[in-house]
Amino acid sequence: MKPIMAYIRRDEWSPYVAGILLGIVGVLAVWLSNSLLGASGAFETMAGMIGKALSPELFNTMYFNYIMPPEITSGVILLIGIFFGGMLGAATSGTLKWGKKDAANSDAQWKQIFGQQTWKRWAVAFVGAIILEYAAGIAGGCTSGLAISGGMLLAPAAFLFIAGMFASGIITAMIVYRKRY
Amino acid sequence: MSTSIVVIALFLGVFFGFALNKAGLTKYHKIVNVFRLTDLAVLKFMMTALIVSMSGLYLLRGLGLVTFPTIPATYIAGNVIGGLIFGVGMALSGFCPGTCAAGAGEGKLDYIVPGLFGFLVGAALYGLTYQYVFPAISAIANVGNVVIPDLWNLSPFLVVLFFTLMSLFLFYLIDRAGLHRTDRG
C-alpha cells in the first residue's frame, strides 16, 4: 500500500501509467453512460449561455439555439470534473498554484525563453485559446473529444486530426523557438 | 439530466483531469516539447490511452456488453484543416481545452484567465460564424460517422493489433533507441 501511495503523491507519473488510467476512463465513459470524453463542446455550450445573457439577439442563431442549446449538458459537468481532477492531482503532489507567486506565469521554460513579463504569456495564451477552440469547431472536436474519443473507436477523423495537429504544431514551435528549437 | 448522469460525468471528469495532471500535460513545456520533439511524453500518453481504450471497447462490444455512441464524423478536409489550425494554437499556448481546464483547477492564473476566457471567445466566434464555415467544409470528402474496420472492411481485431504493435515499436524506438531530439536550451 505504501509504495502505491508514494507513487500517487509523485508530481509526474510515467506517461504509460497515466495513459492506462486515461484509457480506462475512456472505456468507462462509453460503458457507464454511452458517451464520449470531450472538452471543447462544453465551452461552446457555455459561450451560448453567456452570449444569450449578454446579447440575446446576436446569439439568437441556429447554432446556439439548436446545435449547442444553452443548457447544462453532461459535457459541462465533465469539464467541471476535469477542473477538480487537475486540482486533486496537484494537491496529492503538493504542487497547487492557488495564491502562489508564480501562478500568473506558471512555467519555467516559458520564462527562460520569453522572459518574466506576465502580459506576454497571457496575450499568447489568449490568442492560442481562441485559435484552439475555433479549430476544434471546424475539426469536430479537440484532443479529447476527437483525438482520444474518436481514435479509440477507430474513426478516421481522429487520425487525420492528429496528423494535422502534429504537423502544424512542429512548424509553429520551430517558428516560435527559432534558434532555440 | 438525471442524478446518475451527473455523478458519472463528474466521476469521469475527475479521473480524466487527474490523469492529465499526473502525465504532466497541465504544464506548458510538456506540450510544447512534444512539438520540439525533445520530450515525447504527450505522444506516449495519448497512444497508451488509445491502445487501452480501443482494446477495451472492441472487446466489450464483441462480448455484447456495450454499443458505441455516435462515431465522430469523418470529413477529410475539415478534420485535417481543423487539426492544422489546432496545432498552431496548441504550440503557442501550451495547452488544449481539456488540459487548460485541469491546469485551471491547479490554480494557474495563465490557464484560468486568458485560457478559459479565450476558449469562450473562440467558442462564441465559432458559433456566430458557424453557418458560413461548417456546412461548406464538412461537405468536402465527407464519409460520415464511420470507423476504419467498416470503411475498409477489415477485422477490428487486426486494426487494434496493428495500432498496438506500431505504438509499441514506436515506444521502443523512443525509449531504447533514443529517437528524440536533445534540448540544447
# chains A, B, ... in the order shown; residues from 1 in each chain; ligands from 1
>>> residues_around(residues="B:Gly118", least_positions_apart="5", cutoff="9 Å", atoms="only C-alpha atoms", output="compact mmCIF listing (two decimals) with N, CA and C atoms, in the first residue's frame")
# COMPACT_ATOMS: atom_id res chain seq x y z
N ALA A 125 -1.27 33.13 -24.73
CA ALA A 125 -2.19 32.09 -24.28
C ALA A 125 -3.62 32.41 -24.73
N PHE A 126 -4.00 33.70 -24.68
CA PHE A 126 -5.35 34.12 -25.07
C PHE A 126 -5.59 33.89 -26.56
N VAL A 127 -4.63 34.34 -27.37
CA VAL A 127 -4.74 34.13 -28.83
C VAL A 127 -4.76 32.63 -29.13
N GLY A 128 -3.87 31.90 -28.47
CA GLY A 128 -3.80 30.44 -28.67
C GLY A 128 -5.12 29.77 -28.34
N ALA A 129 -5.75 30.19 -27.24
CA ALA A 129 -7.01 29.58 -26.81
C ALA A 129 -8.12 29.83 -27.83
N ILE A 130 -8.17 31.06 -28.38
CA ILE A 130 -9.19 31.37 -29.40
C ILE A 130 -8.99 30.48 -30.62
N ILE A 131 -7.72 30.36 -31.07
CA ILE A 131 -7.40 29.52 -32.23
C ILE A 131 -7.81 28.07 -31.96
N LEU A 132 -7.46 27.57 -30.77
CA LEU A 132 -7.76 26.17 -30.41
C LEU A 132 -9.25 25.88 -30.49
N GLU A 133 -10.05 26.75 -29.88
CA GLU A 133 -11.48 26.49 -29.80
C GLU A 133 -12.13 26.59 -31.19
N VAL B 113 -7.40 32.68 -16.56
CA VAL B 113 -7.86 33.94 -17.16
C VAL B 113 -7.76 33.94 -18.70
N ALA B 123 -15.18 30.11 -28.81
CA ALA B 123 -16.44 29.37 -28.98
C ALA B 123 -17.53 30.29 -29.52
>>> residues_around(residues="A:Pro70", least_positions_apart="3", cutoff="9 Å", atoms="only C-alpha atoms", output="list in words")
Thr45, Met46, Ala47, Gly48, Met49, Ile50, Lys52, Phe64, Asn65, Tyr66 and Thr73 of chain A
>>> write_last_selection(atoms="C-alpha atoms", output="JSON list (two decimals), in the first residue's frame")
[["chain", "number", "residue", "atom", "x", "y", "z"],
["A", 45, "THR", "CA", -22.45, 25.44, -24.64],
["A", 46, "MET", "CA", -21.22, 27.90, -22.00],
["A", 47, "ALA", "CA", -20.40, 30.58, -24.62],
["A", 48, "GLY", "CA", -24.01, 30.26, -25.82],
["A", 49, "MET", "CA", -25.36, 30.64, -22.28],
["A", 50, "ILE", "CA", -23.22, 33.70, -21.54],
["A", 52, "LYS", "CA", -27.58, 34.82, -24.71],
["A", 64, "PHE", "CA", -26.75, 28.50, -30.33],
["A", 65, "ASN", "CA", -30.47, 27.59, -30.38],
["A", 66, "TYR", "CA", -30.36, 24.04, -31.72],
["A", 73, "THR", "CA", -25.05, 19.28, -20.55]]
>>> atom_distance(atom1="atom CA of A:Phe161", atom2="atom CA of B:Gly82")
6.9 Å
>>> residues_around(residues="B:Phe68", least_positions_apart="4", cutoff="10 Å", atoms="only C-alpha atoms", output="JSON, numbers by chain")
{"A": [30, 31, 34, 35, 36, 153], "B": [57, 58, 61]}
>>> write_last_selection(atoms="N, CA and C atoms", output="compact mmCIF listing (two decimals), in the first residue's frame")
# COMPACT_ATOMS: atom_id res chain seq x y z
N VAL A 30 -17.96 5.21 -22.22
CA VAL A 30 -18.88 4.52 -23.13
C VAL A 30 -19.71 3.49 -22.37
N TRP A 31 -19.06 2.76 -21.49
CA TRP A 31 -19.74 1.66 -20.79
C TRP A 31 -20.81 2.17 -19.83
N ASN A 34 -22.66 5.61 -22.18
CA ASN A 34 -22.76 5.65 -23.63
C ASN A 34 -22.41 7.03 -24.19
N SER A 35 -21.34 7.63 -23.62
CA SER A 35 -20.93 8.95 -24.07
C SER A 35 -19.42 8.95 -24.31
N LEU A 36 -18.93 10.04 -24.86
CA LEU A 36 -17.50 10.18 -25.12
C LEU A 36 -16.92 11.31 -24.28
N LEU A 153 -12.43 4.66 -30.94
CA LEU A 153 -13.48 3.99 -31.72
C LEU A 153 -12.96 3.65 -33.12
N LEU B 57 -12.80 -1.30 -25.63
CA LEU B 57 -14.11 -1.06 -26.24
C LEU B 57 -14.48 -2.13 -27.28
N TYR B 58 -13.54 -2.50 -28.13
CA TYR B 58 -13.86 -3.51 -29.14
C TYR B 58 -14.05 -4.88 -28.50
N ARG B 61 -17.53 -4.67 -26.92
CA ARG B 61 -18.55 -4.73 -27.96
C ARG B 61 -18.66 -6.15 -28.52
>>> residues_around(residues="A:Thr143", least_positions_apart="3", cutoff="9 Å", atoms="only C-alpha atoms", output="ChimeraX atom specification")
/A:38-40,136,146-149,158,161-162 /B:96-98
>>> write_last_selection(atoms="C-alpha atoms", output="PDB file, in the first residue's frame")
ATOM      1  CA  GLY A  38     -14.616  15.880 -24.563  1.00  0.00           C
ATOM      2  CA  ALA A  39     -13.891  19.441 -23.573  1.00  0.00           C
ATOM      3  CA  SER A  40     -14.326  21.907 -26.443  1.00  0.00           C
ATOM      4  CA  ALA A 136     -11.893  22.299 -32.615  1.00  0.00           C
ATOM      5  CA  LEU A 146     -11.828  13.851 -31.320  1.00  0.00           C
ATOM      6  CA  ALA A 147      -8.229  12.561 -30.989  1.00  0.00           C
ATOM      7  CA  ILE A 148      -8.798  10.288 -27.965  1.00  0.00           C
ATOM      8  CA  SER A 149     -12.549   9.618 -28.191  1.00  0.00           C
ATOM      9  CA  ALA A 158      -9.235  11.250 -35.231  1.00  0.00           C
ATOM     10  CA  PHE A 161      -6.813  15.427 -36.901  1.00  0.00           C
ATOM     11  CA  ILE A 162      -3.771  14.096 -35.000  1.00  0.00           C
TER      12      ILE A 162
ATOM     13  CA  CYS B  96      -5.641  22.382 -25.163  1.00  0.00           C
ATOM     14  CA  PRO B  97      -9.242  22.725 -23.902  1.00  0.00           C
ATOM     15  CA  GLY B  98      -9.022  19.687 -21.571  1.00  0.00           C
TER      16      GLY B  98
END
>>> closest_residue(among="B:Ile148, B:Val14, B:Leu179, B:Met1", to="A:Leu78", atoms="only C-alpha atoms")
B:Val14
>>> closest_residue(among="B:Gln131, B:Thr3, B:Thr67, B:Ser93", to="A:Ser106", atoms="only C-alpha atoms")
B:Ser93
